[in-house]
>>> print(open('start_39.cif').read())   # mmCIF, C-alpha atoms and all ligand atoms
data_coords
loop_
_atom_site.label_atom_id
_atom_site.label_comp_id
_atom_site.auth_asym_id
_atom_site.auth_seq_id
_atom_site.Cartn_x
_atom_site.Cartn_y
_atom_site.Cartn_z
CA MET A 1 -36.44 7.22 -61.17
CA SER A 2 -39.64 6.93 -59.09
CA ASN A 3 -39.32 5.87 -55.49
CA SER A 4 -42.99 5.20 -54.87
CA PHE A 5 -44.76 2.12 -56.20
CA LYS A 6 -48.31 0.80 -56.09
CA ILE A 7 -48.73 -2.97 -55.69
CA ALA A 8 -51.91 -5.02 -56.08
CA VAL A 9 -51.65 -7.77 -53.46
CA LEU A 10 -53.73 -10.87 -54.28
CA ALA A 11 -53.01 -13.43 -51.56
CA GLY A 12 -55.67 -15.96 -52.65
CA ASP A 13 -56.22 -19.31 -50.97
CA GLY A 14 -54.59 -22.01 -48.85
CA ILE A 15 -51.07 -21.04 -47.82
CA GLY A 16 -51.32 -17.86 -49.98
CA PRO A 17 -52.28 -15.48 -47.14
CA GLU A 18 -49.79 -17.14 -44.73
CA VAL A 19 -46.76 -16.66 -46.97
CA MET A 20 -47.97 -13.28 -48.22
CA ALA A 21 -47.75 -11.95 -44.66
CA GLY A 22 -43.99 -12.60 -44.75
CA ALA A 23 -43.69 -10.91 -48.15
CA ARG A 24 -45.46 -7.81 -46.78
CA GLN A 25 -43.01 -7.65 -43.85
CA VAL A 26 -40.13 -7.81 -46.32
CA LEU A 27 -41.61 -4.91 -48.30
CA ASP A 28 -41.93 -2.87 -45.10
CA LYS A 29 -38.28 -3.54 -44.25
CA ILE A 30 -37.11 -2.61 -47.76
CA SER A 31 -39.14 0.57 -47.50
CA GLU A 32 -37.32 1.44 -44.26
CA THR A 33 -33.82 0.54 -45.42
CA GLN A 34 -33.91 1.81 -49.02
CA GLY A 35 -36.01 4.95 -48.68
CA VAL A 36 -38.71 3.82 -51.13
CA SER A 37 -42.44 3.57 -50.51
CA PHE A 38 -44.88 0.85 -51.45
CA GLU A 39 -48.62 1.37 -51.47
CA CYS A 40 -50.11 -2.12 -51.17
CA GLU A 41 -53.78 -2.72 -51.88
CA GLU A 42 -55.12 -6.16 -50.96
CA LYS A 43 -57.84 -7.64 -53.18
CA LEU A 44 -59.73 -10.92 -53.42
CA VAL A 45 -58.90 -13.61 -55.96
CA GLY A 46 -59.56 -17.32 -56.49
CA GLY A 47 -61.63 -19.33 -54.03
CA ALA A 48 -61.69 -16.49 -51.50
CA ALA A 49 -63.27 -14.27 -54.18
CA ILE A 50 -65.76 -16.98 -55.18
CA ASP A 51 -66.92 -17.27 -51.57
CA ALA A 52 -67.30 -13.50 -51.19
CA THR A 53 -68.58 -12.45 -54.62
CA GLY A 54 -69.53 -15.57 -56.60
CA GLY A 55 -66.65 -15.25 -59.09
CA PRO A 56 -62.86 -15.90 -58.97
CA LEU A 57 -61.75 -12.56 -60.43
CA PRO A 58 -63.95 -9.61 -59.39
CA GLU A 59 -63.98 -6.44 -61.53
CA ASP A 60 -62.73 -4.52 -58.54
CA THR A 61 -59.63 -6.75 -58.36
CA ILE A 62 -58.86 -6.22 -62.06
CA LYS A 63 -59.31 -2.46 -61.66
CA THR A 64 -56.82 -2.33 -58.77
CA CYS A 65 -54.33 -4.37 -60.81
CA GLU A 66 -54.75 -1.97 -63.74
CA GLU A 67 -54.00 0.97 -61.45
CA SER A 68 -50.90 -0.70 -59.98
CA ASP A 69 -47.25 -0.91 -61.03
CA ALA A 70 -47.19 -4.68 -60.43
CA ILE A 71 -49.25 -7.59 -59.08
CA LEU A 72 -48.00 -9.65 -56.16
CA PHE A 73 -49.90 -12.93 -56.30
CA GLY A 74 -50.12 -15.74 -53.71
CA SER A 75 -51.84 -18.88 -54.96
CA VAL A 76 -55.37 -20.00 -55.70
CA GLY A 77 -57.44 -23.16 -55.54
CA GLY A 78 -58.27 -25.98 -53.20
CA PRO A 79 -60.63 -28.93 -52.72
CA LYS A 80 -63.53 -26.68 -51.73
CA TRP A 81 -63.85 -25.28 -55.27
CA GLU A 82 -62.78 -28.31 -57.33
CA SER A 83 -66.30 -29.40 -58.26
CA LEU A 84 -67.33 -26.00 -59.67
CA PRO A 85 -67.69 -25.62 -63.46
CA PRO A 86 -64.15 -25.39 -64.94
CA GLU A 87 -64.52 -21.80 -66.21
CA ILE A 88 -65.13 -20.41 -62.73
CA GLN A 89 -62.64 -22.60 -60.89
CA PRO A 90 -59.96 -20.53 -59.16
CA GLU A 91 -57.01 -21.29 -61.48
CA ARG A 92 -58.84 -21.30 -64.80
CA GLY A 93 -61.10 -18.42 -63.83
CA ALA A 94 -58.50 -16.13 -62.27
CA LEU A 95 -54.92 -16.90 -63.27
CA LEU A 96 -55.46 -17.42 -66.99
CA PRO A 97 -57.71 -14.34 -67.42
CA LEU A 98 -55.17 -12.21 -65.53
CA ARG A 99 -52.40 -13.41 -67.85
CA LYS A 100 -54.58 -12.66 -70.87
CA HIS A 101 -55.87 -9.29 -69.64
CA PHE A 102 -52.38 -7.97 -68.97
CA GLY A 103 -50.72 -9.63 -71.99
CA LEU A 104 -48.19 -11.42 -69.78
CA PHE A 105 -46.02 -12.90 -72.53
CA ALA A 106 -42.83 -13.75 -70.63
CA ASN A 107 -42.61 -16.29 -67.84
CA LEU A 108 -39.45 -16.21 -65.77
CA ARG A 109 -38.78 -19.08 -63.40
CA PRO A 110 -35.51 -19.15 -61.52
CA ALA A 111 -34.44 -22.71 -60.67
CA VAL A 112 -32.09 -22.16 -57.78
CA CYS A 113 -30.60 -24.98 -55.76
CA PHE A 114 -28.80 -23.52 -52.74
CA PRO A 115 -25.44 -25.13 -51.86
CA ALA A 116 -26.83 -26.21 -48.47
CA LEU A 117 -29.93 -27.80 -50.03
CA THR A 118 -28.44 -30.03 -52.71
CA HIS A 119 -29.69 -33.05 -50.72
CA ALA A 120 -33.29 -32.02 -51.60
CA SER A 121 -32.58 -32.49 -55.32
CA PRO A 122 -33.16 -35.87 -56.98
CA VAL A 123 -29.95 -35.32 -58.97
CA LYS A 124 -26.77 -37.00 -57.63
CA GLU A 125 -24.94 -34.61 -55.30
CA ASP A 126 -21.63 -34.79 -57.17
CA ARG A 127 -23.34 -33.28 -60.23
CA ILE A 128 -24.70 -30.28 -58.31
CA ALA A 129 -22.15 -29.75 -55.53
CA GLY A 130 -22.16 -26.03 -54.75
CA GLY A 131 -25.72 -25.72 -56.07
CA PHE A 132 -26.91 -24.11 -59.30
CA ASP A 133 -28.83 -21.05 -60.43
CA VAL A 134 -30.62 -21.21 -63.78
CA LEU A 135 -33.22 -18.72 -64.99
CA CYS A 136 -35.83 -20.26 -67.35
CA VAL A 137 -37.44 -17.69 -69.65
CA ARG A 138 -40.53 -19.13 -71.35
CA GLU A 139 -42.64 -17.45 -74.05
CA LEU A 140 -46.15 -17.55 -72.58
CA THR A 141 -48.74 -16.32 -75.06
CA GLY A 142 -47.80 -17.82 -78.45
CA GLY A 143 -46.76 -21.08 -80.07
CA ILE A 144 -48.66 -24.34 -80.25
CA TYR A 145 -50.89 -23.65 -77.20
CA PHE A 146 -52.63 -20.78 -78.97
CA GLY A 147 -52.14 -21.28 -82.75
CA SER A 148 -55.11 -21.72 -85.02
CA PRO A 149 -56.61 -23.95 -86.38
CA LYS A 150 -57.04 -26.03 -83.24
CA SER A 151 -59.64 -28.78 -83.37
CA ILE A 152 -60.60 -32.41 -83.14
CA GLU A 153 -62.51 -33.32 -86.28
CA GLU A 154 -63.73 -36.31 -88.21
CA GLN A 155 -61.69 -37.19 -91.32
CA ASP A 156 -62.06 -40.39 -93.37
CA GLY A 157 -64.05 -42.06 -90.63
CA GLU A 158 -61.70 -41.32 -87.76
CA LYS A 159 -60.97 -38.49 -85.35
CA VAL A 160 -58.09 -36.17 -86.18
CA ALA A 161 -56.61 -33.73 -83.66
CA ILE A 162 -55.02 -30.52 -84.95
CA ASP A 163 -52.84 -28.05 -83.09
CA THR A 164 -50.95 -25.36 -84.92
CA MET A 165 -47.60 -23.90 -83.93
CA VAL A 166 -47.30 -20.27 -84.99
CA TYR A 167 -44.68 -17.70 -84.03
CA ARG A 168 -44.40 -14.23 -85.49
CA ALA A 169 -40.90 -12.74 -85.64
CA SER A 170 -42.06 -9.89 -83.37
CA GLU A 171 -43.17 -12.37 -80.67
CA VAL A 172 -39.78 -14.08 -80.72
CA GLU A 173 -38.02 -10.75 -80.71
CA ARG A 174 -39.75 -9.37 -77.60
CA ILE A 175 -39.18 -12.54 -75.52
CA ALA A 176 -35.57 -12.64 -76.71
CA HIS A 177 -35.07 -9.07 -75.44
CA VAL A 178 -36.41 -10.13 -72.01
CA ALA A 179 -33.98 -13.06 -71.89
CA PHE A 180 -30.95 -11.08 -73.09
CA THR A 181 -31.72 -8.24 -70.65
CA ALA A 182 -31.93 -10.76 -67.79
CA ALA A 183 -28.71 -12.49 -68.89
CA ALA A 184 -26.91 -9.16 -69.09
CA LYS A 185 -27.73 -8.59 -65.40
CA ARG A 186 -26.54 -12.10 -64.43
CA ASP A 187 -23.65 -14.18 -65.74
CA CYS A 188 -24.05 -13.03 -69.37
CA ARG A 189 -24.75 -16.47 -70.82
CA LEU A 190 -27.89 -17.41 -72.74
CA THR A 191 -28.93 -20.78 -74.15
CA SER A 192 -31.77 -20.63 -76.66
CA ILE A 193 -33.87 -23.78 -77.11
CA ASP A 194 -35.54 -24.80 -80.37
CA LYS A 195 -36.05 -27.71 -82.72
CA ALA A 196 -34.59 -26.04 -85.78
CA ASN A 197 -33.62 -29.41 -87.29
CA VAL A 198 -37.31 -30.34 -87.71
CA LEU A 199 -39.62 -27.34 -87.23
CA GLN A 200 -39.97 -24.23 -89.39
CA ASN A 201 -40.77 -22.46 -86.12
CA GLY A 202 -37.34 -23.49 -84.87
CA ILE A 203 -35.60 -22.00 -87.92
CA LEU A 204 -37.35 -18.64 -87.45
CA TRP A 205 -36.80 -18.74 -83.66
CA ARG A 206 -33.05 -19.24 -84.10
CA GLU A 207 -32.78 -16.60 -86.83
CA VAL A 208 -34.54 -13.95 -84.72
CA VAL A 209 -32.63 -14.80 -81.53
CA GLU A 210 -29.33 -14.49 -83.46
CA ARG A 211 -30.45 -11.08 -84.75
CA VAL A 212 -31.39 -9.80 -81.27
CA ALA A 213 -28.07 -11.14 -79.92
CA ALA A 214 -26.23 -8.51 -81.95
CA GLU A 215 -27.71 -5.86 -79.60
CA TYR A 216 -26.21 -7.60 -76.54
CA PRO A 217 -22.53 -8.12 -77.43
CA ASP A 218 -21.63 -8.93 -73.81
CA VAL A 219 -23.98 -11.92 -73.64
CA LYS A 220 -22.63 -15.21 -74.95
CA LEU A 221 -25.34 -17.05 -76.89
CA ASP A 222 -25.56 -20.73 -77.71
CA HIS A 223 -28.36 -22.95 -79.02
CA LEU A 224 -29.60 -26.41 -78.05
CA TYR A 225 -32.24 -28.64 -79.61
CA VAL A 226 -34.96 -29.23 -77.04
CA ASP A 227 -34.39 -32.99 -76.74
CA ASN A 228 -30.70 -32.46 -76.04
CA ALA A 229 -31.54 -29.59 -73.63
CA ALA A 230 -33.76 -31.91 -71.57
CA MET A 231 -30.72 -34.16 -71.07
CA GLN A 232 -28.04 -31.50 -70.60
CA LEU A 233 -30.03 -29.51 -68.03
CA ILE A 234 -30.35 -32.53 -65.79
CA ALA A 235 -26.81 -33.81 -66.40
CA ARG A 236 -24.96 -30.49 -65.88
CA PRO A 237 -27.31 -27.79 -64.54
CA ARG A 238 -24.38 -25.78 -63.13
CA ASP A 239 -23.24 -24.98 -66.69
CA PHE A 240 -26.38 -22.93 -67.51
CA ASP A 241 -27.24 -19.32 -66.72
CA VAL A 242 -30.36 -18.19 -68.67
CA VAL A 243 -32.40 -20.62 -70.78
CA LEU A 244 -34.82 -19.17 -73.36
CA ALA A 245 -37.58 -21.36 -74.80
CA PRO A 246 -40.83 -21.22 -76.79
CA ASN A 247 -44.07 -21.87 -74.87
CA LEU A 248 -44.35 -25.68 -75.12
CA PHE A 249 -40.66 -26.44 -74.61
CA GLY A 250 -40.41 -23.87 -71.80
CA ASP A 251 -43.40 -25.38 -70.01
CA ILE A 252 -41.71 -28.76 -69.86
CA LEU A 253 -38.14 -27.64 -69.23
CA SER A 254 -39.06 -25.17 -66.45
CA ASP A 255 -40.89 -27.97 -64.61
CA GLU A 256 -37.90 -30.25 -65.05
CA MET A 257 -35.68 -27.55 -63.57
CA ALA A 258 -38.09 -26.89 -60.66
CA MET A 259 -38.00 -30.60 -59.85
CA ILE A 260 -34.23 -30.85 -59.80
CA ALA A 261 -33.91 -27.64 -57.76
CA GLY A 262 -35.49 -29.36 -54.74
CA SER A 263 -38.47 -27.83 -52.92
CA LEU A 264 -41.34 -25.95 -54.57
CA GLY A 265 -41.45 -23.79 -51.46
CA MET A 266 -38.18 -22.12 -52.54
CA LEU A 267 -39.08 -21.20 -56.13
CA SER A 268 -40.55 -17.90 -57.30
CA SER A 269 -41.77 -16.85 -60.73
CA ALA A 270 -42.61 -13.76 -62.74
CA SER A 271 -44.92 -13.22 -65.69
CA LEU A 272 -44.04 -10.04 -67.54
CA GLY A 273 -46.20 -7.94 -69.86
CA LYS A 274 -45.95 -4.45 -71.22
CA SER A 275 -42.48 -2.90 -71.36
CA LYS A 276 -42.07 0.27 -69.31
CA GLY A 277 -38.72 1.04 -71.02
CA ASP A 278 -35.26 0.81 -69.42
CA GLY A 279 -35.56 -3.00 -69.35
CA LEU A 280 -38.52 -2.85 -66.89
CA TYR A 281 -41.93 -4.48 -67.33
CA PHE A 282 -45.39 -4.58 -65.79
CA GLY A 283 -45.56 -8.01 -64.16
CA MET A 284 -47.29 -10.52 -61.95
CA TYR A 285 -45.08 -12.19 -59.35
CA GLU A 286 -45.90 -15.41 -57.52
CA PRO A 287 -44.50 -18.63 -56.04
CA SER A 288 -44.06 -21.52 -58.51
CA GLY A 289 -46.13 -23.82 -56.29
CA GLY A 290 -49.85 -23.79 -55.56
CA SER A 291 -52.04 -23.28 -52.49
CA ALA A 292 -50.75 -26.47 -50.79
CA PRO A 293 -54.05 -27.44 -49.12
CA ASP A 294 -52.28 -30.35 -47.37
CA ILE A 295 -50.38 -27.93 -45.12
CA ALA A 296 -52.58 -24.80 -45.22
CA GLY A 297 -53.55 -23.30 -41.86
CA GLN A 298 -50.75 -25.05 -39.97
CA GLY A 299 -48.23 -22.21 -40.07
CA ILE A 300 -45.55 -24.47 -41.57
CA ALA A 301 -45.42 -23.35 -45.22
CA ASN A 302 -42.12 -22.12 -46.57
CA PRO A 303 -42.46 -18.35 -47.26
CA ILE A 304 -39.23 -18.15 -49.28
CA ALA A 305 -40.85 -18.59 -52.74
CA GLN A 306 -43.22 -15.70 -52.01
CA ILE A 307 -40.43 -13.56 -50.58
CA LEU A 308 -38.21 -14.22 -53.61
CA SER A 309 -41.14 -13.22 -55.84
CA VAL A 310 -40.96 -9.81 -54.12
CA SER A 311 -37.28 -9.66 -55.03
CA MET A 312 -38.12 -10.41 -58.68
CA MET A 313 -40.78 -7.68 -58.65
CA LEU A 314 -38.30 -5.12 -57.34
CA LYS A 315 -35.81 -6.10 -60.04
CA PHE A 316 -38.01 -6.54 -63.12
CA SER A 317 -40.82 -4.01 -62.52
CA PHE A 318 -39.28 -1.33 -60.30
CA GLY A 319 -35.56 -1.43 -61.16
CA LEU A 320 -34.61 -1.63 -57.46
CA ASN A 321 -31.69 -3.97 -58.01
CA ASP A 322 -29.90 -3.24 -54.72
CA ALA A 323 -33.08 -3.93 -52.76
CA ALA A 324 -33.61 -7.18 -54.68
CA ASP A 325 -30.01 -8.22 -53.94
CA ALA A 326 -30.57 -7.43 -50.24
CA ILE A 327 -33.53 -9.85 -50.16
CA ASP A 328 -31.70 -12.59 -52.08
CA GLY A 329 -28.72 -12.18 -49.75
CA ALA A 330 -30.90 -12.44 -46.63
CA VAL A 331 -32.50 -15.65 -47.96
CA ARG A 332 -29.07 -17.13 -48.67
CA GLN A 333 -27.88 -16.22 -45.17
CA VAL A 334 -30.93 -17.67 -43.46
CA ILE A 335 -30.34 -20.98 -45.24
CA ASP A 336 -26.63 -20.89 -44.35
CA LYS A 337 -27.57 -20.28 -40.72
CA GLY A 338 -29.58 -23.52 -40.77
CA TYR A 339 -33.16 -22.21 -40.60
CA ARG A 340 -35.45 -24.81 -42.22
CA THR A 341 -39.21 -25.09 -42.75
CA GLY A 342 -40.52 -28.66 -42.88
CA ASP A 343 -40.15 -29.04 -46.66
CA ILE A 344 -36.36 -28.52 -46.51
CA TYR A 345 -35.63 -29.92 -43.03
CA THR A 346 -33.62 -33.13 -42.84
CA GLY A 347 -33.10 -33.33 -39.08
CA SER A 348 -29.36 -32.77 -38.94
CA ASP A 349 -27.92 -31.07 -35.82
CA ASP A 350 -26.95 -27.84 -37.56
CA GLN A 351 -30.56 -27.14 -38.60
CA LYS A 352 -33.26 -25.20 -36.77
CA LYS A 353 -36.81 -26.24 -37.68
CA VAL A 354 -39.06 -23.20 -37.95
CA GLY A 355 -42.56 -22.25 -39.08
CA THR A 356 -43.70 -19.65 -41.62
CA VAL A 357 -43.65 -16.70 -39.24
CA GLU A 358 -40.24 -17.47 -37.73
CA MET A 359 -38.66 -18.00 -41.16
CA SER A 360 -40.13 -14.72 -42.45
CA GLU A 361 -38.90 -12.81 -39.40
CA ALA A 362 -35.41 -14.30 -39.67
CA ILE A 363 -35.19 -13.11 -43.29
CA VAL A 364 -36.53 -9.64 -42.45
CA ASN A 365 -33.95 -9.30 -39.66
CA LEU A 366 -31.13 -10.11 -42.09
CA ILE A 367 -32.09 -7.43 -44.62
CA SER A 368 -29.89 -4.40 -44.18
P1 LIG B 1 -49.04 -27.44 -54.71
O1 LIG B 1 -47.90 -26.73 -55.35
O2 LIG B 1 -50.01 -26.60 -54.00
O3 LIG B 1 -48.47 -28.52 -53.69
C1 LIG B 1 -47.60 -29.59 -54.09
C2 LIG B 1 -46.75 -30.04 -52.87
O4 LIG B 1 -45.77 -29.04 -52.60
C3 LIG B 1 -47.60 -30.18 -51.61
O5 LIG B 1 -47.14 -31.29 -50.86
C4 LIG B 1 -47.33 -28.90 -50.84
O6 LIG B 1 -47.46 -29.01 -49.46
C5 LIG B 1 -45.90 -28.57 -51.26
N1 LIG B 1 -45.66 -27.13 -51.24
C6 LIG B 1 -46.04 -26.21 -52.16
N2 LIG B 1 -45.69 -24.97 -51.77
C7 LIG B 1 -45.09 -25.12 -50.56
C8 LIG B 1 -44.50 -24.22 -49.64
N3 LIG B 1 -44.48 -22.89 -49.86
N4 LIG B 1 -43.98 -24.71 -48.48
C9 LIG B 1 -43.96 -26.03 -48.26
N5 LIG B 1 -44.50 -26.94 -49.08
C10 LIG B 1 -45.05 -26.50 -50.22
O7 LIG B 1 -49.73 -28.28 -55.87
P2 LIG B 1 -51.06 -29.17 -55.86
O8 LIG B 1 -51.15 -29.92 -54.56
O9 LIG B 1 -51.03 -29.91 -57.14
O10 LIG B 1 -52.26 -28.12 -55.95
C11 LIG B 1 -52.97 -27.63 -54.82
C12 LIG B 1 -53.94 -26.54 -55.28
O11 LIG B 1 -53.18 -25.43 -55.78
C13 LIG B 1 -54.85 -26.98 -56.41
O12 LIG B 1 -56.13 -26.42 -56.20
C14 LIG B 1 -54.21 -26.38 -57.64
O13 LIG B 1 -55.15 -26.13 -58.65
C15 LIG B 1 -53.64 -25.10 -57.08
N6 LIG B 1 -52.50 -24.53 -57.83
C16 LIG B 1 -52.46 -23.18 -57.90
C17 LIG B 1 -51.40 -22.57 -58.53
C18 LIG B 1 -51.36 -21.07 -58.57
O14 LIG B 1 -52.13 -20.43 -57.87
N7 LIG B 1 -50.47 -20.48 -59.34
C19 LIG B 1 -50.35 -23.34 -59.06
C20 LIG B 1 -50.40 -24.73 -58.93
C21 LIG B 1 -51.48 -25.32 -58.30
#
>>> encode(input="start_39.cif", output="structure tokens")
Amino acid sequence: MSNSFKIAVLAGDGIGPEVMAGARQVLDKISETQGVSFECEEKLVGGAAIDATGGPLPEDTIKTCEESDAILFGSVGGPKWESLPPEIQPERGALLPLRKHFGLFANLRPAVCFPALTHASPVKEDRIAGGFDVLCVRELTGGIYFGSPKSIEEQDGEKVAIDTMVYRASEVERIAHVAFTAAAKRDCRLTSIDKANVLQNGILWREVVERVAAEYPDVKLDHLYVDNAAMQLIARPRDFDVVLAPNLFGDILSDEMAMIAGSLGMLSSASLGKSKGDGLYFGMYEPSGGSAPDIAGQGIANPIAQILSVSMMLKFSFGLNDAADAIDGAVRQVIDKGYRTGDIYTGSDDQKKVGTVEMSEAIVNLIS
């Protein structure tokens, strides 16, 4: 296996560059402790790219991403660029084209509520005592968001809106493999979400997922209708391990899970594309939150989401599972030791309020 990896680093706007600095320190420490090397090339994206070049996704940035093993992304956007035409706004003009260009079909969003942070969740503490750790796997390039026809037209004197939900068996199959592979590396439980009692798409989804399951005999599969899943995930999140869903359902359920996990500043995400074999993928890794203009430039953003996105990159694109575990372990320890950025600080005596730099350094120091 290779021990040298090229990473396109796109820090972007707002808190992006602040939290990316911590992620870079983590990569340096992993390089030192695990004997691997990372060649990081920083490129412009989003508002920063608009200011420098006139567009949110310069050719040069795409080229570097194409030449890299993975993309480490910060966040884009902010009030300065909100009045630009939609197609060149940072999110629409950079994030969506990157997803399309690299065929990023699988979105992985861990919803992790640490035992010491259950107070930050809106769910009653007795339901989540000890925390929870659910991985949402959402199909990202198919389903009702992209099916054709898609229109608003005039019929019989009134407007009619049409969206079409289409899934090919091969699309369901490849996302199912991502979810089963992830489950096999975790607690070996997978819940597949559909609406097979109403939608033809649901019938095909379930049939294909069942077929793929036969290749992963160690993973226990069950199915939930999406309406029931919305209730069960909030009522008993500790009972779930990996949740697999089509695009629309996954969009909604992964946001529900992010909400009940507590702070956005703790949640990372991965969007995976082409398979490299051995259960590894080309991918783009980023925090679940945005550029947080309300706190940008103050040095108080939580770097943990960005640092955990590094851990996901090491696991899903580079196969460096021990290194990923070392990062996850350091984050857990730093929380147990009481380090808190403002978004997760409650003021109790056993907590130490820190800024972005101090939190990043504390994590780096705990990686061994
Ligand atoms: P946001 O996620 O940036 O912020 C929502 C709230 O969460 C804010 O109060 C913010 O301070 C807080 N927050 C987010 N990340 C945090 C962190 N690491 N540490 C501490 N607090 C954190 O969402 P928004 O305010 O709706 O959007 C702000 C800008 O970000 C907009 O321009 C939006 O388009 C953009 N955005 C970008 C992405 C992306 O780049 N992937 C995603 C979402 C939003």
>>> residues_near_ligand(input="start_39.cif", ligand="ligand LIG 1 (chain B)", cutoff="9 Å", atoms="only C-alpha atoms and all ligand atoms", output="JSON, numbers by chain")
{"A": [12, 13, 14, 15, 16, 19, 46, 73, 74, 75, 76, 77, 78, 79, 80, 81, 82, 89, 90, 91, 92, 94, 95, 263, 264, 265, 266, 267, 286, 287, 288, 289, 290, 291, 292, 293, 294, 295, 296, 300, 301, 302, 303, 304, 305, 306, 341, 342, 343, 344, 356]}
>>> closest_residue(input="start_39.cif", among="A:Ile234, A:Leu44, A:Val137, A:Ala21", to="Arg174 in chain A", atoms="all atoms listed in the file")
A:Val137
>>> axis_aligned_box(input="start_39.cif", around="range 103-120 of chain A", padding_each_side="4 Å", output="lines of an AutoDock Vina configuration file")
center_x = -38.1
center_y = -21.3
center_z = -60.5
size_x = 33.3
size_y = 31.4
size_z = 32.1
>>> atom_distance(input="start_39.cif", atom1="CA of Ile62 in chain A", atom2="CA of Phe5 in chain A")
17.4 Å
>>> atom_distance(input="start_39.cif", atom1="CA of Lys150 in chain A", atom2="CA of Ile193 in chain A")
24.1 Å
>>> closest_residue(input="start_39.cif", among="A:Gly143, A:Gly47, A:Gly347, A:Gly130", to="Leu10 in chain A", atoms="only C-alpha atoms")
A:Gly47
>>> atom_distance(input="start_39.cif", atom1="CA of Asp350 in chain A", atom2="CA of Ile367 in chain A")
22.2 Å
>>> residues_around(input="start_39.cif", residues="range 124-126 of chain A", least_positions_apart="5", cutoff="10 Å", atoms="only C-alpha atoms", output="number ranges by chain")
A: 117-119, 131, 234-235, 260
>>> residues_around(input="start_39.cif", residues="Ala245 in chain A", least_positions_apart="3", cutoff="7 Å", atoms="only C-alpha atoms", output="list in words")
Val137, Arg138, Glu139, Ser192, Ile193, Asp194, Phe249 and Gly250 of chain A
>>> closest_residue(input="start_39.cif", among="A:Val219, A:Pro237, A:Arg168, A:Arg109", to="Asp187 in chain A", atoms="all atoms listed in the file")
A:Val219
>>> closest_residue(input="start_39.cif", among="A:Gln232, A:Thr61, A:Ser275, A:Ser68", to="Cys40 in chain A", atoms="all atoms listed in the file")
A:Ser68
>>> closest_residue(input="start_39.cif", among="A:Glu87, A:Asn107, A:Ala116, A:Ala11", to="Ser348 in chain A", atoms="all atoms listed in the file")
A:Ala116
>>> closest_residue(input="start_39.cif", among="A:Val26, A:Leu248, A:Leu224, A:Val198", to="Ile144 in chain A", atoms="all atoms listed in the file")
A:Leu248
>>> residues_around(input="start_39.cif", residues="range 157-164 of chain A", least_positions_apart="5", cutoff="7 Å", atoms="only C-alpha atoms", output="VMD selection string")
chain A and resid 144 147 to 152
>>> residues_near_point(input="start_39.cif", point="(-30.3, -2.0, -46.6)", cutoff="9 Å", atoms="all atoms listed in the file", output="list of chain:residue names")
A:Lys29, A:Ile30, A:Glu32, A:Thr33, A:Gln34, A:Asp322, A:Ala323, A:Ala326, A:Ile367, A:Ser368
